[in-house]
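Peer 1: Below is the structure I would like to discuss, written out as structure tokens.
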Amino acid sequence: MLELSPAEWEVIQLSLKVAFWSVLCSLPLSVAVAVLLARTHFPGKSVFDALVHLPLVLPPVVIGYFLLLLLGRRGPLGALLEEYFGIVVAFRWTGAALAAGIMGFPLMVRAIRLSVEAVDMGIEAAARTLGATRWRVFFTVTMPLALPGILTGALLSFARGLGEFGATITFVSNIPGETRTLPLAIYTQTQVPGGDTQALRLSVIAVALSVVALMLSEWMVQRAQRRAKGYDA
Amino acid sequence: MLRVNIHKKLDKFELVADFSSDSGITALFGRSGAGKTTLINVVAGLVRPDRGTIEVNGEWLFDSTRNIDVPVARRRVGYVFQEGRLFPHLTVRGNLEYGYELVCPGERYVRFAQVVDLLSLGHLLERRPARLSGGEKQRVAIGRALLASPRVLLMDEPLASLDGPRKEEILQYIERLHLEIKVPIVYVTHSVEEIVRLAETVVLMAGGSVIMAGKAGEVMGRPELRIPTGVFEGGTLIDAKVAAHDMDYDLTIVDFAGERLIVSGVIARIGADIRVRIRARDVALALSRPTDVSVLNVLAGHVVDVAYELDSTAYVRVDVAGAMLLARITRFSVERLSLEPGREVFALIKAVTLDGHSAGFDG
């Protein structure tokens with residue numbers, strides 16, 4: 001009863017893989033966008049800000065559909081990527097990771113932006129008077145002090161990625177072993193006669209995964225906060 | 001050697017500064033809001049002036065006519081901030097090493113161990129800033145700035161957030177540092193006591209402008225100082241030497257330029273340099289040497305000039321063996337005694353404020 005079948009393992013591994021890569025790849029861009037929003041003023045900033053937050057308010061299906069139009073094998077960008085780089089994301093797990101990354105992007109940016117805004121710019125100025133260039137200040141002062149927010153953002157995005165459904169199924173479909181992540185597998189079981197038990201088992205797994213991820217992140221964030229505030233870690 | 005001549009328009013006022021300071025401690029003095037912090041931020045490169053020049057030891061940090069604006073990171077201007085601004089995520093050692101490691105070894109003029117020793121930081125090295133007291137934080141901040149081997153060290157009211165005993169402790173460290181490491185220091189303060197204690201040069205600021213700059217003794221002796229600074233009371237700084245102690249009455253005798261002053265007992269060895277301050281309001285004037293008075297110090301001199309204020313007070317400058325003594329008396333007395341330049345007078349000094357490198361209290 002408690003043992004997982006090979007098929008269930010496959011689903012879990014794929015879900016973790018998709019969520020992990022979506023977070024890893026969107027992290028640098030999220031940090032860049034968060035810093036841009038937290039520290040700079042430029043014309044059209046509010047439009048840019050709204051654009052970043054769009055995935056939060058649009059129906060995920062719409063995002064998936066846009067992705068399909070843009071990055072499908074016959075889409076303008078998709079065709080280009082395939083022709084010049086041999087990269088195909090449509091109906092691949094990489095596409096699922098891309099969809100998950102986009103859906104989690106606003107969550108990650110928001111969390112990081114808040115923590116960057118909280119970093120005392122006076123401390124950054126102090127670092128510069130000690131001979132550190134702006135880049136060095138960013139990596140040795142700003143980033144370590146914003147670390148709790150970066151971890152929070154990464155976790156939120158990871159959790160969002162584990163649960164991504166609408167954009168994924170629209171963009172990369174529901175292919176076993178390639179794009180069938182946990183939510184898609186649960187959905188599939190609910191469509192099959194007699195799949196209730198299987199759906200319930202997968203749901204329990206989803207709950208367990210989320211709880212473990214939350215606890216792990218809470219522990220990491222607390223550690224990072226203590227460090228950033230200057231108490232011994 | 002630091003030379004600053006800059007102009008910067010801000011929303012509230014214009015910052016206009018033209019001064020230079022030699023090695024030693026230069027005090028930037030003025031009320032809060034006079035533009036002192038902005039001025040050192042300009043020197044550090046944190047605020048960009050509209051036009052002007054900044055030169056340190058013959059190197060140009062800023063020159064608007066030649067488009068020179070050396071980035072903050074390459075100015076090598078040490079900065080001790082009012083609130084310390086230590087890196088909270090690093091240990092004390094990490095804070096100290098931050099700037100130290102960014103200086104080419106060839107340009108370092110202090111050793112790590114030397115600074116740790118000078119500021120007594122040895123037992124704090126593995127701690128984090130959150131676990132330090134206010135005074136300890138400021139010591140680490142000073143050490144951190146020093147270890148970057150700065151060409152000039154800027155200190156923005158480093159004692160402002162500390163209580164009395166901690167202030168005294170940090171003052172002693174700054175004095176030691178000044179004696180051991182010959183880095184020019186620009187020290188922002190609005191405390192006369194700190195100037196008396198530390199400064200060789202004083203740059204007086206009010207309303208965004210430098211209104212007076214010169215040797216501490218000269219600037220502090222100017223009667224017109226009261227008006228721009230408000231908080232300040234005119235007075236004279238005299239550099240003297242301890243000549244003798246009278247243990248029976250707990251008195252100390254100090255010499256300056258052939259004159260001697262009797263002050264309350266001070267713990268200092270004979271021959272030690274000591275700086276005394278005589279406030280203008282503590283000086284009375286007489287035309288003949290008075291006898292039978294309680295005042296211990298009566299010095300002969302002659303009137304240099306008289307400055308009047310809007311109210312009934314007047315400031316009389318008296319040359320006593322080359323030292324300019326300032327006396328605050330009423331206009332009525334000036335007329336009654338017909339005090340005019342050249343007139344021989346006796347200055348009766350009711351109190352002497354002591355402040356040297358060894359001890360300080362009102363006497």
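Labeling convention for the structure tokens: chains A, B, ... as they appear, residues from 1 per chain, ligands from 1 in order of appearance.
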Find the residues of chain A in contact range of chain B, meaning any atom within 8 Å when counting only C-alpha atoms, and list them as a PyMOL selection string.
Peer 2: chain A and resi 122-123+125-133+141+144-145+227-232
Peer 1: Determine, counting only C-alpha atoms, which protein, DNA and RNA residues have an atom within 12 Å of an atom of Leu155 in chain A; residues of the same chain fewer than 4 positions away are not included. Present the result as a ChimeraX atom specification.
Peer 2: /A:19-20,22-24,27,101,104-105,107-109,111-112,148-151,159-162,210-221
Peer 1: For the residues in that selection, give me C-alpha atoms as a short mmCIF file (atom, residue, chain, number, x, y, z; two decimals), in the first residue's frame.
Peer 2:
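To be explicit, this is the file written out as selection.cif:
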data_model
loop_
_atom_site.label_atom_id
_atom_site.label_comp_id
_atom_site.auth_asym_id
_atom_site.auth_seq_id
_atom_site.Cartn_x
_atom_site.Cartn_y
_atom_site.Cartn_z
CA ALA A 19 9.90 22.26 -10.92
CA PHE A 20 13.62 22.23 -10.12
CA SER A 22 12.00 25.93 -13.83
CA VAL A 23 13.24 27.53 -10.59
CA LEU A 24 16.93 27.26 -11.45
CA LEU A 27 16.17 32.55 -10.70
CA GLY A 101 8.84 28.96 -14.65
CA GLY A 104 6.02 31.10 -10.84
CA PHE A 105 7.93 34.13 -12.08
CA LEU A 107 5.82 35.13 -7.12
CA MET A 108 9.59 34.85 -7.18
CA VAL A 109 10.09 38.46 -8.33
CA ALA A 111 9.53 38.04 -2.82
CA ILE A 112 13.01 38.98 -4.01
CA PRO A 148 15.97 35.07 2.86
CA GLY A 149 13.75 36.68 0.23
CA ILE A 150 15.50 34.87 -2.58
CA LEU A 151 14.93 31.53 -0.85
CA ALA A 159 5.66 24.91 -5.16
CA ARG A 160 3.82 26.72 -7.91
CA GLY A 161 5.77 24.62 -10.44
CA LEU A 162 4.83 21.35 -8.73
CA SER A 210 4.43 20.23 -0.57
CA VAL A 211 4.70 19.84 3.19
CA VAL A 212 8.31 18.63 2.98
CA ALA A 213 9.20 21.49 0.61
CA LEU A 214 7.57 24.04 2.90
CA MET A 215 9.31 22.76 6.01
CA LEU A 216 12.66 22.60 4.29
CA SER A 217 12.31 26.14 3.02
CA GLU A 218 11.12 27.50 6.33
CA TRP A 219 14.22 26.05 7.96
CA MET A 220 16.49 27.50 5.26
CA VAL A 221 14.83 30.93 5.41
#
Peer 1: Could you give me, as a VMD selection string, the residues within 8 Å of range 179-181 of chain A, counting only C-alpha atoms and dropping anything in the same chain fewer than 6 positions from it?
Peer 2: chain A and resid 11 to 12 14 to 15 91 to 93 96 162 168 172 to 173
Peer 1: Since we have the selection now, will you write its residues out, keeping all heavy atoms, as a tab-separated table (two decimals), in the first residue's frame?
Peer 2:
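Listed below is the output, part_11.tsv:
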chain	number	residue	atom	x	y	z
A	11	VAL	N	6.30	9.72	-12.27
A	11	VAL	CA	5.55	10.98	-12.19
A	11	VAL	C	6.21	11.92	-11.18
A	11	VAL	O	6.41	13.11	-11.46
A	11	VAL	CB	4.08	10.71	-11.78
A	11	VAL	CG1	3.39	11.99	-11.38
A	11	VAL	CG2	3.33	10.05	-12.93
A	12	ILE	N	6.59	11.36	-10.02
A	12	ILE	CA	7.21	12.20	-8.98
A	12	ILE	C	8.53	12.77	-9.47
A	12	ILE	O	8.80	13.97	-9.35
A	12	ILE	CB	7.43	11.38	-7.68
A	12	ILE	CG1	6.07	11.02	-7.07
A	12	ILE	CG2	8.25	12.17	-6.67
A	12	ILE	CD1	6.17	10.00	-5.96
A	14	LEU	N	9.57	13.20	-12.48
A	14	LEU	CA	9.37	14.19	-13.55
A	14	LEU	C	8.90	15.52	-12.97
A	14	LEU	O	9.40	16.59	-13.34
A	14	LEU	CB	8.34	13.65	-14.55
A	14	LEU	CG	8.04	14.62	-15.71
A	14	LEU	CD1	9.24	14.73	-16.63
A	14	LEU	CD2	6.80	14.17	-16.48
A	15	SER	N	7.97	15.45	-12.02
A	15	SER	CA	7.46	16.68	-11.41
A	15	SER	C	8.59	17.46	-10.73
A	15	SER	O	8.69	18.69	-10.89
A	15	SER	CB	6.38	16.35	-10.37
A	15	SER	OG	5.25	15.84	-11.02
A	91	PHE	N	5.80	20.17	-26.37
A	91	PHE	CA	5.54	18.76	-26.06
A	91	PHE	C	6.76	18.05	-25.48
A	91	PHE	O	6.93	16.86	-25.63
A	91	PHE	CB	5.01	18.03	-27.31
A	91	PHE	CG	3.81	18.72	-27.89
A	91	PHE	CD1	3.89	19.40	-29.10
A	91	PHE	CD2	2.60	18.74	-27.19
A	91	PHE	CE1	2.79	20.07	-29.61
A	91	PHE	CE2	1.50	19.40	-27.70
A	91	PHE	CZ	1.59	20.08	-28.91
A	92	ARG	N	7.65	18.80	-24.86
A	92	ARG	CA	8.80	18.22	-24.16
A	92	ARG	C	8.73	18.64	-22.68
A	92	ARG	O	8.07	19.62	-22.34
A	92	ARG	CB	10.14	18.74	-24.72
A	92	ARG	CG	10.34	18.48	-26.19
A	92	ARG	CD	10.76	17.02	-26.42
A	92	ARG	NE	10.60	16.66	-27.82
A	92	ARG	CZ	11.51	16.93	-28.75
A	92	ARG	NH1	12.61	17.56	-28.42
A	92	ARG	NH2	11.31	16.58	-29.99
A	93	TRP	N	9.48	17.92	-21.84
A	93	TRP	CA	9.48	18.28	-20.42
A	93	TRP	C	10.08	19.68	-20.22
A	93	TRP	O	9.75	20.39	-19.29
A	93	TRP	CB	10.20	17.24	-19.58
A	93	TRP	CG	11.71	17.24	-19.71
A	93	TRP	CD1	12.44	16.49	-20.55
A	93	TRP	CD2	12.62	18.04	-18.95
A	93	TRP	NE1	13.77	16.77	-20.40
A	93	TRP	CE2	13.91	17.72	-19.41
A	93	TRP	CE3	12.48	18.99	-17.94
A	93	TRP	CZ2	15.06	18.32	-18.91
A	93	TRP	CZ3	13.62	19.59	-17.44
A	93	TRP	CH2	14.90	19.26	-17.91
A	96	ALA	N	7.43	22.02	-20.31
A	96	ALA	CA	6.69	22.03	-19.04
A	96	ALA	C	7.42	22.89	-18.01
A	96	ALA	O	6.81	23.66	-17.25
A	96	ALA	CB	6.53	20.60	-18.52
A	162	LEU	N	5.32	22.71	-9.00
A	162	LEU	CA	4.83	21.35	-8.73
A	162	LEU	C	3.34	21.25	-9.04
A	162	LEU	O	2.84	20.21	-9.46
A	162	LEU	CB	5.05	20.99	-7.25
A	162	LEU	CG	6.42	20.50	-6.82
A	162	LEU	CD1	6.40	20.18	-5.33
A	162	LEU	CD2	6.83	19.27	-7.61
A	168	THR	N	0.59	24.11	-18.52
A	168	THR	CA	1.34	22.94	-18.96
A	168	THR	C	0.54	22.10	-19.94
A	168	THR	O	1.01	21.76	-21.02
A	168	THR	CB	1.72	22.09	-17.72
A	168	THR	OG1	2.31	22.93	-16.75
A	168	THR	CG2	2.68	20.99	-18.09
A	172	VAL	N	2.19	21.85	-23.52
A	172	VAL	CA	2.96	20.66	-23.84
A	172	VAL	C	2.14	19.36	-23.75
A	172	VAL	O	2.69	18.27	-23.81
A	172	VAL	CB	4.21	20.54	-22.94
A	172	VAL	CG1	5.19	21.64	-23.28
A	172	VAL	CG2	3.81	20.60	-21.47
A	173	SER	N	0.83	19.52	-23.57
A	173	SER	CA	-0.06	18.36	-23.54
A	173	SER	C	0.21	17.44	-22.36
A	173	SER	O	0.88	17.85	-21.41
A	173	SER	CB	0.05	17.60	-24.87
A	173	SER	OG	-0.91	16.59	-24.89
Peer 1: Among range 28-140 of chain B, which ones does DSSP assign to helix (DSSP H, G or I) (computed from the backbone)? Answer as a VMD selection string.
Peer 2: chain B and resid 36 to 44 64 to 66 72 to 75 92 to 100 105 to 107 112 to 118 122 to 124 129 to 131 134 to 140
Peer 1: Compile the contact shell of Gly75 in chain A as a list in words: residues with an atom at most 12 Å away, counting only C-alpha atoms, same-chain residues fewer than 5 positions apart removed.
Peer 2: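 Those residues are Tyr65, Phe66, Leu67, Leu68, Leu69, Leu70, Leu80, Leu81, Glu82, Glu83, Val88, Val89, Ala90 and Phe171 of chain A.
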Peer 1: Have a look at CA of Gly265 in chain B and CA of Leu326 in chain B and let me know their distance in Å, one decimal.
Peer 2: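 According to the coordinates, CA of Gly265 in chain B and CA of Leu326 in chain B are separated by 23.8 Å.
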Peer 1: Do a neighbour search on Leu162 in chain B at 12 Å with only C-alpha atoms, toss out local chain neighbours closer than 6 positions, and write the hits as a list in words.
Peer 2: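 Contacts, with the query itself left out: Gln82, Glu83, Gly84, Ser133, Gly134, Gly135, Glu136, Lys137, Gln138, Arg139, Glu168, Glu169, Ile170 and Leu171 of chain B.
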Peer 1: Go ahead and save the residues from that selection, with C-alpha atoms, as an mmCIF file, in the first residue's frame.
Peer 2:
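Dumped everything to again.cif:
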data_model
loop_
_atom_site.group_PDB
_atom_site.id
_atom_site.type_symbol
_atom_site.label_atom_id
_atom_site.label_comp_id
_atom_site.auth_asym_id
_atom_site.auth_seq_id
_atom_site.Cartn_x
_atom_site.Cartn_y
_atom_site.Cartn_z
ATOM 1 C CA GLN B 82 27.574 57.840 12.271
ATOM 2 C CA GLU B 83 25.660 54.578 12.639
ATOM 3 C CA GLY B 84 28.627 52.313 11.928
ATOM 4 C CA SER B 133 27.886 47.058 21.966
ATOM 5 C CA GLY B 134 27.636 50.544 20.471
ATOM 6 C CA GLY B 135 31.228 51.419 21.308
ATOM 7 C CA GLU B 136 32.529 48.115 19.966
ATOM 8 C CA LYS B 137 30.642 48.649 16.722
ATOM 9 C CA GLN B 138 32.268 52.046 16.236
ATOM 10 C CA ARG B 139 35.706 50.599 16.940
ATOM 11 C CA GLU B 168 35.381 58.985 26.127
ATOM 12 C CA GLU B 169 36.598 55.504 25.241
ATOM 13 C CA ILE B 170 36.287 56.086 21.490
ATOM 14 C CA LEU B 171 37.882 59.536 21.801
#
Peer 1: When distances are computed from only C-alpha atoms, which of A:Val47, A:Ala32, A:Met103, A:Ala206 shows the smallest separation from Leu156 in chain A?
Peer 2: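 Residue with the minimum atom-to-atom distance to Leu156 in chain A: A:Met103.
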Peer 1: Identify, with DSSP run on backbone atoms, the residues in range 123-350 of chain B assigned to strand (DSSP E), and express the list as a VMD selection string.
Peer 2: chain B and resid 152 to 156 185 to 189 201 to 206 209 to 215 235 to 246 251 to 256 259 to 264 273 to 279 283 to 286 297 to 308 313 to 320 323 to 330 344 to 349
Peer 1: What is the CA of Leu159 in chain B-CA of Arg3 in chain B distance in Å, reported with one decimal?
Peer 2: 25.3 Å
Peer 1: For each of B:Val196, B:Leu204, B:Val320, B:Leu153, take the minimum atom-to-atom distance to Val298 in chain B, counting only C-alpha atoms, then give the residue where this is smallest.
Peer 2: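 Using only C-alpha atoms, Val298 in chain B sits closest to B:Val320.
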